[in-house]
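**Student:** Data: model_39.cif, mmCIF, C-alpha atoms and all ligand atoms.
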```cif
data_my_file
#
loop_
_atom_site.label_atom_id
_atom_site.label_comp_id
_atom_site.auth_asym_id
_atom_site.auth_seq_id
_atom_site.Cartn_x
_atom_site.Cartn_y
_atom_site.Cartn_z
CA ASN A 26 0.00 0.00 0.00
CA LYS A 27 0.87 3.68 -0.19
CA VAL A 28 2.18 4.08 3.34
CA HIS A 29 4.46 1.13 2.85
CA LYS A 30 5.97 2.52 -0.31
CA LYS A 31 6.65 5.87 1.27
CA SER A 32 8.28 4.26 4.28
CA ASN A 33 10.46 2.05 2.16
CA SER A 34 11.78 4.96 0.16
CA ARG A 35 12.61 6.78 3.40
CA VAL A 36 14.55 3.84 4.68
CA ALA A 37 16.48 3.83 1.44
CA ALA A 38 17.29 7.51 1.97
CA LEU A 39 18.44 6.77 5.48
CA LEU A 40 20.75 4.03 4.37
CA GLU A 41 22.40 6.52 2.07
CA ILE A 42 23.06 9.14 4.73
CA GLY A 43 24.08 7.06 7.67
CA GLY A 44 24.40 3.43 6.81
CA VAL A 45 22.16 2.66 9.77
CA LYS A 46 19.14 0.53 9.13
CA ILE A 47 16.00 1.24 11.07
CA ALA A 48 12.83 -0.76 10.80
CA LYS A 49 10.17 1.74 9.83
CA ASP A 50 6.79 0.40 9.07
CA ASP A 51 3.55 1.58 10.62
CA VAL A 52 2.42 -1.92 11.42
CA VAL A 53 5.64 -2.85 13.13
CA ARG A 54 5.70 0.42 15.04
CA GLU A 55 2.20 0.13 16.47
CA SER A 56 3.12 -3.22 17.93
CA ASP A 57 6.58 -2.12 19.04
CA PRO A 58 6.31 -0.03 22.20
CA THR A 59 10.03 0.74 22.12
CA ASN A 60 9.62 2.95 19.03
CA ASN A 61 7.94 6.31 19.61
CA VAL A 62 8.95 8.07 16.36
CA PRO A 63 5.79 9.34 14.61
CA ASP A 64 5.54 9.75 10.83
CA ASN A 65 5.78 13.55 10.88
CA ILE A 66 9.17 13.25 12.60
CA PHE A 67 10.35 10.26 10.62
CA SER A 68 9.74 12.10 7.36
CA LYS A 69 12.14 14.88 8.40
CA ILE A 70 15.15 12.60 8.92
CA GLY A 71 17.70 13.18 6.21
CA LEU A 72 16.40 16.57 5.04
CA GLN A 73 19.61 18.21 6.34
CA LEU A 74 18.61 21.88 6.21
CA HIS A 75 22.08 22.69 7.54
CA ARG A 76 23.67 21.46 4.32
CA ARG A 77 21.65 23.73 2.04
CA ASP A 78 23.66 26.83 1.20
CA ASN A 79 20.56 28.90 0.36
CA HIS A 80 18.62 27.97 3.49
CA PRO A 81 18.85 30.26 6.56
CA ILE A 82 20.29 27.37 8.62
CA GLY A 83 22.93 26.61 5.96
CA ILE A 84 23.79 30.29 5.54
CA LEU A 85 24.22 30.59 9.31
CA LYS A 86 26.36 27.43 9.50
CA ASN A 87 28.68 28.84 6.83
CA ALA A 88 28.91 32.20 8.64
CA ILE A 89 29.92 30.41 11.85
CA TYR A 90 32.48 28.36 9.92
CA GLU A 91 33.91 31.59 8.59
CA TYR A 92 34.31 32.98 12.12
CA PHE A 93 36.16 29.86 13.28
CA ASP A 94 38.31 29.67 10.16
CA THR A 95 39.47 33.27 10.46
CA SER A 96 39.81 33.42 14.27
CA TYR A 97 41.55 30.05 14.61
CA SER A 98 43.32 29.73 11.23
CA SER A 99 41.17 26.75 10.18
CA MET A 100 42.18 24.67 13.21
CA PHE A 101 38.64 23.37 13.75
CA VAL A 102 37.76 20.19 11.86
CA LYS A 103 34.14 20.25 10.64
CA PHE A 104 31.57 17.47 10.56
CA ASP A 105 28.06 17.99 9.22
CA ASP A 106 27.07 14.56 7.97
CA LEU A 107 27.15 12.28 11.03
CA CYS A 108 24.12 10.01 11.24
CA PRO A 109 21.36 11.36 13.54
CA ILE A 110 20.47 7.83 14.62
CA VAL A 111 22.78 7.02 17.52
CA SER A 112 23.03 4.59 20.39
CA VAL A 113 21.75 5.33 23.88
CA GLN A 114 25.38 5.01 24.87
CA GLN A 115 26.48 7.81 22.52
CA ASN A 116 23.58 10.11 23.28
CA PHE A 117 23.61 9.70 27.07
CA ASP A 118 26.20 7.42 28.70
CA GLU A 119 29.27 8.83 26.98
CA VAL A 120 28.37 12.35 28.09
CA LEU A 121 27.70 11.18 31.66
CA VAL A 122 23.93 11.67 31.66
CA PRO A 123 22.78 9.84 34.85
CA ALA A 124 20.71 6.66 34.45
CA ASP A 125 17.63 8.33 35.97
CA HIS A 126 17.88 11.68 34.14
CA VAL A 127 14.54 12.87 32.65
CA SER A 128 16.05 13.45 29.24
CA ARG A 129 16.38 9.66 28.81
CA SER A 130 12.63 9.09 29.17
CA TYR A 131 10.31 8.15 26.31
CA ASN A 132 8.52 11.36 27.17
CA ASP A 133 11.51 13.50 26.16
CA THR A 134 13.42 11.48 23.56
CA TYR A 135 12.53 9.66 20.34
CA TYR A 136 13.55 6.02 20.56
CA VAL A 137 13.97 3.90 17.44
CA ASP A 138 14.33 0.87 19.69
CA ALA A 139 15.35 0.34 23.30
CA GLY A 140 19.05 0.93 22.55
CA THR A 141 18.81 3.48 19.73
CA VAL A 142 17.59 7.09 19.63
CA LEU A 143 17.28 10.03 17.31
CA ARG A 144 20.05 12.12 18.87
CA CYS A 145 18.67 14.83 21.15
CA HIS A 146 21.87 16.85 20.91
CA THR A 147 25.08 16.98 18.89
CA SER A 148 26.96 16.27 22.15
CA ALA A 149 26.27 12.61 21.22
CA HIS A 150 29.40 12.79 19.03
CA GLN A 151 31.82 14.39 21.50
CA ALA A 152 33.33 11.22 22.92
CA GLU A 153 33.84 9.36 19.64
CA LEU A 154 35.59 12.36 18.07
CA LEU A 155 37.83 12.82 21.11
CA ARG A 156 38.74 9.13 20.90
CA ALA A 157 39.53 9.57 17.21
CA GLY A 158 42.14 12.12 18.31
CA HIS A 159 40.45 15.39 17.37
CA SER A 160 41.15 18.33 19.64
CA HIS A 161 39.34 21.15 17.80
CA PHE A 162 36.05 20.30 16.11
CA LEU A 163 32.59 21.48 15.09
CA VAL A 164 29.67 19.07 14.60
CA THR A 165 26.51 20.35 12.91
CA GLY A 166 23.35 18.29 12.60
CA ASP A 167 19.64 17.79 13.02
CA VAL A 168 18.52 16.85 16.53
CA TYR A 169 15.17 15.55 17.79
CA ARG A 170 13.16 16.14 20.95
CA ARG A 171 9.69 15.62 22.27
CA ASP A 172 9.01 19.13 23.52
CA SER A 173 6.44 21.88 24.00
CA ILE A 174 4.94 23.85 21.10
CA ASP A 175 5.56 27.58 20.64
CA SER A 176 7.42 29.98 18.36
CA THR A 177 10.91 28.94 19.58
CA HIS A 178 10.43 25.16 20.06
CA TYR A 179 10.18 22.54 17.34
CA PRO A 180 10.63 18.75 17.64
CA VAL A 181 13.34 18.74 14.98
CA PHE A 182 15.99 21.44 15.08
CA HIS A 183 19.68 21.94 14.41
CA GLN A 184 22.66 22.30 16.66
CA MET A 185 26.32 23.00 16.20
CA GLU A 186 28.65 21.48 18.75
CA GLY A 187 32.11 22.92 19.30
CA VAL A 188 34.92 21.33 21.30
CA ARG A 189 38.39 22.64 22.00
CA VAL A 190 41.01 20.69 23.95
CA PHE A 191 43.95 22.51 25.57
CA SER A 192 47.24 20.91 26.52
CA PRO A 193 48.93 21.83 29.86
CA ASN A 194 51.45 24.22 28.34
CA GLU A 195 48.58 26.45 27.18
CA TRP A 196 47.21 27.31 30.65
CA GLU A 197 50.46 26.85 32.61
CA VAL A 198 51.82 30.10 31.21
CA SER A 199 48.69 31.94 32.40
CA SER A 200 48.22 32.97 36.01
CA THR A 201 44.95 31.02 36.39
CA ASP A 202 44.02 27.38 36.93
CA ALA A 203 43.06 25.14 34.00
CA THR A 204 39.30 25.41 34.56
CA SER A 205 39.15 29.21 34.75
CA TYR A 206 41.49 29.42 31.79
CA ALA A 207 39.13 27.29 29.68
CA ALA A 208 35.98 29.06 30.92
CA THR A 209 37.38 32.51 30.09
CA ASN A 210 38.57 31.34 26.70
CA LEU A 211 35.16 29.80 25.96
CA LYS A 212 33.18 32.92 26.82
CA LYS A 213 35.50 35.09 24.72
CA CYS A 214 35.12 32.73 21.79
CA LEU A 215 31.31 32.81 21.93
CA GLU A 216 31.07 36.55 22.57
CA GLY A 217 33.30 37.01 19.52
CA LEU A 218 30.98 34.77 17.51
CA ALA A 219 27.92 36.78 18.60
CA ARG A 220 29.65 40.02 17.55
CA HIS A 221 30.65 38.47 14.22
CA LEU A 222 27.06 37.42 13.52
CA PHE A 223 25.02 40.23 15.01
CA GLY A 224 27.25 43.21 15.69
CA ALA A 225 25.65 44.87 18.70
CA VAL A 226 23.01 42.74 20.38
CA GLU A 227 21.73 42.56 23.94
CA MET A 228 22.97 39.37 25.60
CA ARG A 229 23.66 37.88 29.01
CA TRP A 230 25.32 34.81 30.56
CA VAL A 231 23.31 32.59 32.88
CA ASP A 232 24.80 29.87 35.11
CA THR A 233 23.25 26.46 34.56
CA TYR A 234 23.81 22.70 34.87
CA PHE A 235 24.75 20.06 32.31
CA PRO A 236 25.96 16.56 33.25
CA PHE A 237 28.89 16.89 30.84
CA THR A 238 30.31 20.32 31.79
CA ASN A 239 31.28 22.12 34.96
CA PRO A 240 30.97 25.04 35.26
CA SER A 241 28.12 25.37 32.76
CA PHE A 242 26.58 28.43 31.15
CA GLU A 243 23.80 29.49 28.82
CA LEU A 244 23.82 32.53 26.59
CA GLU A 245 20.57 34.46 26.19
CA ILE A 246 19.76 37.09 23.60
CA TYR A 247 17.00 39.69 23.86
CA PHE A 248 14.56 38.95 21.01
CA GLN A 249 10.86 39.75 20.47
CA GLU A 250 10.67 41.43 23.89
CA LYS A 251 11.97 38.38 25.75
CA TRP A 252 15.25 36.74 26.75
CA MET A 253 15.79 33.73 24.48
CA GLU A 254 18.28 30.97 25.27
CA VAL A 255 20.48 30.37 22.22
CA LEU A 256 23.23 28.05 23.44
CA GLY A 257 24.59 25.91 26.27
CA CYS A 258 28.29 25.48 27.04
CA GLY A 259 30.90 24.87 29.70
CA VAL A 260 34.18 23.34 30.74
CA THR A 261 34.16 19.63 29.86
CA GLU A 262 33.88 17.20 32.78
CA GLN A 263 37.34 15.73 33.38
CA GLU A 264 35.86 12.23 33.37
CA ILE A 265 35.01 12.56 29.67
CA LEU A 266 38.58 13.53 28.85
CA ASN A 267 40.01 10.78 31.06
CA ARG A 268 37.88 8.12 29.39
CA ASN A 269 38.84 9.24 25.91
CA GLY A 270 42.61 9.47 26.09
CA ARG A 271 43.00 13.11 27.26
CA LYS A 272 43.85 12.66 30.90
CA ASP A 273 46.17 15.65 31.19
CA SER A 274 44.08 18.06 29.16
CA VAL A 275 41.29 20.50 29.84
CA ALA A 276 38.58 21.32 27.30
CA TRP A 277 35.53 23.44 26.64
CA ALA A 278 32.40 22.56 24.70
CA PHE A 279 29.33 24.36 23.43
CA GLY A 280 26.05 23.49 21.70
CA LEU A 281 24.43 26.24 19.61
CA GLY A 282 20.71 26.24 18.79
CA LEU A 283 20.96 27.19 15.10
CA GLU A 284 17.24 28.03 14.60
CA ARG A 285 17.33 30.40 17.57
CA LEU A 286 20.44 32.17 16.27
CA ALA A 287 18.97 32.33 12.76
CA MET A 288 15.75 33.84 14.14
CA VAL A 289 17.82 36.71 15.60
CA LEU A 290 20.05 37.03 12.54
CA PHE A 291 17.27 37.14 9.92
CA ASP A 292 14.41 38.41 12.08
CA ILE A 293 12.42 35.20 11.60
CA PRO A 294 9.44 35.33 14.00
CA ASP A 295 8.45 31.66 14.14
CA ILE A 296 10.52 28.47 14.10
CA ARG A 297 8.07 26.68 11.76
CA LEU A 298 9.18 28.97 8.95
CA PHE A 299 12.45 27.04 8.61
CA TRP A 300 10.42 24.14 7.20
CA SER A 301 8.36 26.17 4.77
CA THR A 302 8.91 25.53 1.08
CA ASP A 303 6.82 28.56 0.11
CA GLN A 304 8.69 30.40 -2.60
CA ARG A 305 7.80 33.76 -1.04
CA LEU A 306 10.04 32.67 1.82
CA THR A 307 12.78 30.67 0.13
CA SER A 308 13.39 33.40 -2.46
CA GLN A 309 14.38 35.83 0.32
CA PHE A 310 17.51 33.89 1.29
CA SER A 311 20.64 33.14 -0.68
CA ALA A 312 24.13 31.82 -0.01
CA GLY A 313 26.44 34.19 1.81
CA LYS A 314 23.82 36.92 2.32
CA LEU A 315 23.83 37.73 6.02
CA GLY A 316 22.26 41.19 6.14
CA VAL A 317 18.81 40.01 5.01
CA LYS A 318 15.81 40.73 7.24
CA PHE A 319 12.85 38.46 6.63
CA LYS A 320 9.75 40.20 5.25
CA PRO A 321 6.58 38.33 6.26
CA PHE A 322 4.52 37.93 3.09
CA SER A 323 1.37 38.51 5.03
CA LYS A 324 0.16 38.20 8.56
CA PHE A 325 -2.72 35.78 8.87
CA PRO A 326 -4.99 35.82 11.92
CA PRO A 327 -4.59 33.09 14.55
CA CYS A 328 -7.57 31.06 15.67
CA TYR A 329 -7.78 29.86 19.28
CA LYS A 330 -9.48 26.68 20.48
CA ASP A 331 -9.60 25.53 24.09
CA ILE A 332 -9.65 21.94 25.23
CA SER A 333 -10.33 20.87 28.85
CA PHE A 334 -10.04 17.43 30.37
CA TRP A 335 -9.49 15.49 33.59
CA ILE A 336 -5.94 14.15 33.36
CA SER A 337 -4.83 10.63 34.23
CA ASP A 338 -1.64 9.75 36.12
CA SER A 339 0.22 9.04 32.91
CA PHE A 340 -0.72 12.34 31.26
CA THR A 341 2.17 14.56 30.09
CA GLU A 342 2.22 17.79 28.17
CA ASN A 343 4.76 16.41 25.67
CA ASN A 344 2.34 13.61 24.79
CA LEU A 345 -0.42 16.15 24.23
CA CYS A 346 1.86 18.23 21.99
CA GLU A 347 2.80 15.13 20.02
CA VAL A 348 -0.88 14.37 19.35
CA VAL A 349 -1.63 17.97 18.37
CA ARG A 350 1.42 18.20 16.10
CA GLY A 351 0.59 14.83 14.58
CA ILE A 352 -2.87 16.04 13.56
CA ALA A 353 -2.42 19.75 12.85
CA GLY A 354 1.23 19.66 11.70
CA ASP A 355 2.67 23.12 11.13
CA LEU A 356 -0.76 24.73 11.40
CA VAL A 357 -0.38 24.72 15.18
CA GLU A 358 1.48 27.71 16.52
CA GLU A 359 1.25 27.23 20.26
CA VAL A 360 -0.18 24.93 22.92
CA LYS A 361 -0.48 26.64 26.27
CA LEU A 362 -1.81 25.54 29.65
CA ILE A 363 -4.27 28.25 30.70
CA ASP A 364 -6.07 26.59 33.62
CA ASN A 365 -5.13 23.89 36.10
CA PHE A 366 -7.04 22.88 39.23
CA THR A 367 -7.67 19.87 41.45
CA ASN A 368 -11.17 19.24 42.84
CA LYS A 369 -12.17 17.88 46.26
CA LYS A 370 -12.10 14.32 44.94
CA GLY A 371 -8.48 14.81 43.90
CA MET A 372 -9.19 14.90 40.17
CA THR A 373 -7.03 17.34 38.22
CA SER A 374 -8.33 19.31 35.28
CA HIS A 375 -6.20 21.01 32.62
CA CYS A 376 -7.33 23.49 30.04
CA TYR A 377 -5.05 24.12 27.06
CA ARG A 378 -5.41 26.87 24.52
CA ILE A 379 -4.34 25.79 21.05
CA ALA A 380 -3.42 28.56 18.62
CA PHE A 381 -3.83 27.63 14.96
CA ARG A 382 -2.23 29.81 12.32
CA SER A 383 -0.75 29.14 8.94
CA MET A 384 2.31 31.10 7.91
CA GLU A 385 1.21 30.88 4.29
CA ARG A 386 -2.56 31.33 3.99
CA SER A 387 -5.85 31.98 5.79
CA LEU A 388 -7.41 28.98 7.46
CA THR A 389 -11.13 28.33 7.16
CA ASP A 390 -13.38 27.79 10.20
CA GLU A 391 -14.32 24.45 8.79
CA GLU A 392 -10.79 23.11 8.56
CA ILE A 393 -9.91 24.31 12.07
CA ASN A 394 -13.07 22.77 13.50
CA GLN A 395 -12.19 19.50 11.85
CA LEU A 396 -8.66 19.58 13.25
CA GLN A 397 -9.95 20.41 16.72
CA TRP A 398 -12.52 17.63 16.50
CA SER A 399 -9.90 15.13 15.53
CA ILE A 400 -7.60 16.36 18.31
CA ARG A 401 -10.38 15.93 20.89
CA GLU A 402 -11.04 12.40 19.76
CA THR A 403 -7.39 11.34 19.68
CA VAL A 404 -6.55 12.98 22.99
CA GLN A 405 -9.37 11.02 24.60
CA THR A 406 -8.46 7.64 23.15
CA LYS A 407 -4.67 7.83 23.16
CA LEU A 408 -3.96 9.84 26.29
CA HIS A 409 -6.67 8.30 28.47
CA VAL A 410 -8.05 11.61 29.67
CA THR A 411 -11.70 12.50 30.18
CA LEU A 412 -12.90 15.43 28.13
CA ARG A 413 -14.99 17.99 30.01
C1 LIG A 501 22.20 20.94 24.98
O1 LIG A 501 21.64 20.34 24.09
C2 LIG A 501 23.65 20.68 25.31
N1 LIG A 501 24.08 19.48 24.62
C3 LIG A 501 24.48 21.89 24.90
C4 LIG A 501 25.88 21.81 25.38
C5 LIG A 501 26.89 21.30 24.57
C6 LIG A 501 26.20 22.22 26.68
C7 LIG A 501 28.20 21.21 25.03
C8 LIG A 501 27.49 22.12 27.15
C9 LIG A 501 28.48 21.61 26.32
P1 LIG A 501 20.16 22.44 25.55
O2 LIG A 501 19.19 21.37 25.81
O3 LIG A 501 20.04 23.65 26.42
O4 LIG A 501 21.64 21.94 25.71
O5 LIG A 501 20.01 22.87 24.04
C10 LIG A 501 20.94 23.74 23.43
C11 LIG A 501 20.23 24.77 22.60
O6 LIG A 501 19.37 24.16 21.64
C12 LIG A 501 19.29 25.68 23.41
O7 LIG A 501 20.02 26.71 24.00
C13 LIG A 501 18.35 26.19 22.33
O8 LIG A 501 18.96 27.25 21.62
C14 LIG A 501 18.24 25.00 21.39
N2 LIG A 501 17.00 24.25 21.61
C15 LIG A 501 16.68 23.41 22.63
N3 LIG A 501 15.45 22.86 22.47
C16 LIG A 501 14.96 23.36 21.31
C17 LIG A 501 13.74 23.17 20.56
N4 LIG A 501 12.77 22.33 20.97
N5 LIG A 501 13.59 23.86 19.40
C18 LIG A 501 14.56 24.69 18.96
N6 LIG A 501 15.73 24.90 19.59
C19 LIG A 501 15.94 24.25 20.76
MG MG A 502 18.94 24.64 27.73
#
```
Please render this file's structure as structure tokens.

**Tutor:**
Amino acid sequence: NKVHKKSNSRVAALLEIGGVKIAKDDVVRESDPTNNVPDNIFSKIGLQLHRRDNHPIGILKNAIYEYFDTSYSSMFVKFDDLCPIVSVQQNFDEVLVPADHVSRSYNDTYYVDAGTVLRCHTSAHQAELLRAGHSHFLVTGDVYRRDSIDSTHYPVFHQMEGVRVFSPNEWEVSSTDATSYAATNLKKCLEGLARHLFGAVEMRWVDTYFPFTNPSFELEIYFQEKWMEVLGCGVTEQEILNRNGRKDSVAWAFGLGLERLAMVLFDIPDIRLFWSTDQRLTSQFSAGKLGVKFKPFSKFPPCYKDISFWISDSFTENNLCEVVRGIAGDLVEEVKLIDNFTNKKGMTSHCYRIAFRSMERSLTDEEINQLQWSIRETVQTKLHVTLR
């Protein structure tokens, strides 16, 4: 049948990019509880927006390459074609993510099978590249996460990882310890990158936690009247270096959110636009052109629909978002909890407001009503909630 054909051709495409075979077949998947990759995600594997020179993500990648090539005389080795299907070991264990960390759950990560995931970050490749002997490298790729729905979150996005390893003679001549030396160097590198890309922009450093770095930081940029997190970084945990043949070294690492940076760079208001093939959008971007500001072709009105239900113990917001995205695709702009209460019997009710809006055309009442109807039905049967 049709679905089968489509799936088979996707598997063929996958084999070409990564040499990893994954069983993808709707029938198999329904009966295989270890695979939670839906069709709308599966169909995006292999699209590689970051390797298209005329796409905002590709243009940004090349601009970042240029910064590293000129600032570090081409010392950084670049990878942009590593397979996004990785082992649990690569994605989590090798970067010291604890066994009980939430990011490992089926609620947060797409599993192809119990031991294989769609990478949730480009950090999945840190350890293998260190072992291969690289000490300066950049890894760009598509990453996948079950996540909330709004203008800055999408279940498939792109990251660029950077790692730099220092040998003892580099910090010994400074008056600081290895860790502070690396942290200072890291912040200077990323501040320089921000200046290279944006010129003057309002930004701030925030302390944070990652299992694989210490200390750890996030960089936020002021965009659309809010602080937006654009990257995570820090000084690499010594354990990672010790395990991968760099016992006497210190290193830093970062992971850039390329969509978020491209939104600032090109004034792109919504993350769904990166997936649009509308010519009115694609024609605005071309290789090497950094000064472009996106001109919305038209602003279409949003339409809001509320849905209320009594939740069950297993209910999660990510599961709801997955259902909504699966039915409405890129017509859904935001899913937001607007009411939450528990009654005397201990039953908890949630009300979510779903914003529908196309970036390309006006939606009709009829099509939105149909989407909402289908969402109500699926939410009830798949998420075991009771509609109110
Ligand atoms: C990480 O993924 C770390 N691996 C980054 C890192 C690398 C830290 C190396 C230290 C050393 P985080 O989950 O915060 O961190 O994601 C990094 C960036 O990806 C975020 O700052 C944000 O810009 C972007 N991002 C995260 N989730 C989404 C999403 N759903 N849609 C779009 N961009 C996202
Ligand atoms: Mg973060």

**Student:** How would you report the residues lying within 12 Å of ligand MG 502 (chain A), as a PyMOL selection string, if you count only C-alpha atoms and all ligand atoms?

**Tutor:** chain A and resi 128+145-146+178+184+231-235+241-245+253-258+279-282+285

**Student:** Leaving out A:Glu402 and any residue of its chain fewer than 2 positions from it, which residues lie within 12 Å of it when counting all atoms listed in the file, given as a list in words?

**Tutor:**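 Here the answer would be Ile332, Phe334, Val348, Val349, Ile352, Gln395, Leu396, Gln397, Trp398, Ser399, Ile400, Val404, Gln405, Thr406, Lys407, Leu408, His409, Val410, Thr411 and Leu412 of chain A.
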
**Student:** Measuring between all atoms listed in the file, which one of A:Cys214, A:Val317, A:Ala139, A:Val260 shows the shortest distance to ligand LIG 501 (chain A)?

**Tutor:**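 Ranking A:Cys214, A:Val317, A:Ala139, A:Val260 by distance to ligand LIG 501 (chain A), first place goes to A:Val260.
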
**Student:** Identify, on the basis of only C-alpha atoms, every residue whose closest approach to A:Gly354 does not exceed 12 Å; exclude the query and any residue fewer than 5 positions from it along the same chain; express the result as a list in words.

**Tutor:**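 Those residues are Pro63, Asp64, Asn65, Ile66, Ile174, Tyr179, Pro180, Arg297, Trp300, Ser301, Cys346, Glu347, Val348, Val349, Glu359, Phe381, Arg382, Ser383, Leu396 and Ile400 of chain A.
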
**Student:** Please enclose the listed atoms of stretch 175-188 of chain A in an axis-aligned box, pad each side by 6 Å, and write out the centre and the three edge lengths in Å, rounded to one decimal, as lines of an AutoDock Vina configuration file.

**Tutor:**
```
center_x = 20.2
center_y = 24.4
center_z = 17.9
size_x = 41.4
size_y = 23.2
size_z = 18.9
```

**Student:** Using atom CA of A:Ser173 and atom CA of A:Val62 as the two end points, give the distance in Å to one decimal.

**Tutor:** 16.0 Å

**Student:** Between A:Gln73, A:Ser130, A:Thr95, A:Asn116, which is the closest to A:Leu143 once you count only C-alpha atoms?

**Tutor:** A:Asn116

**Student:** Taking all atoms listed in the file into account, name the residue in A:Asp125, A:Asp105, A:Glu119, A:Glu186 that is nearest to ligand LIG 501 (chain A).

**Tutor:**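 Of all the options, A:Glu186 lies closest to ligand LIG 501 (chain A).
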
**Student:** Find the residues near A:Asn365: any atom within 8 Å, counting only C-alpha atoms, skip ones fewer than 6 places away on the same chain, and give them as an MDAnalysis selection string.

**Tutor:** chainID A and resid 373:376

**Student:** Interatomic distance between atom CA of A:Ile82 and atom CA of A:Leu306?

**Tutor:** 13.4 Å
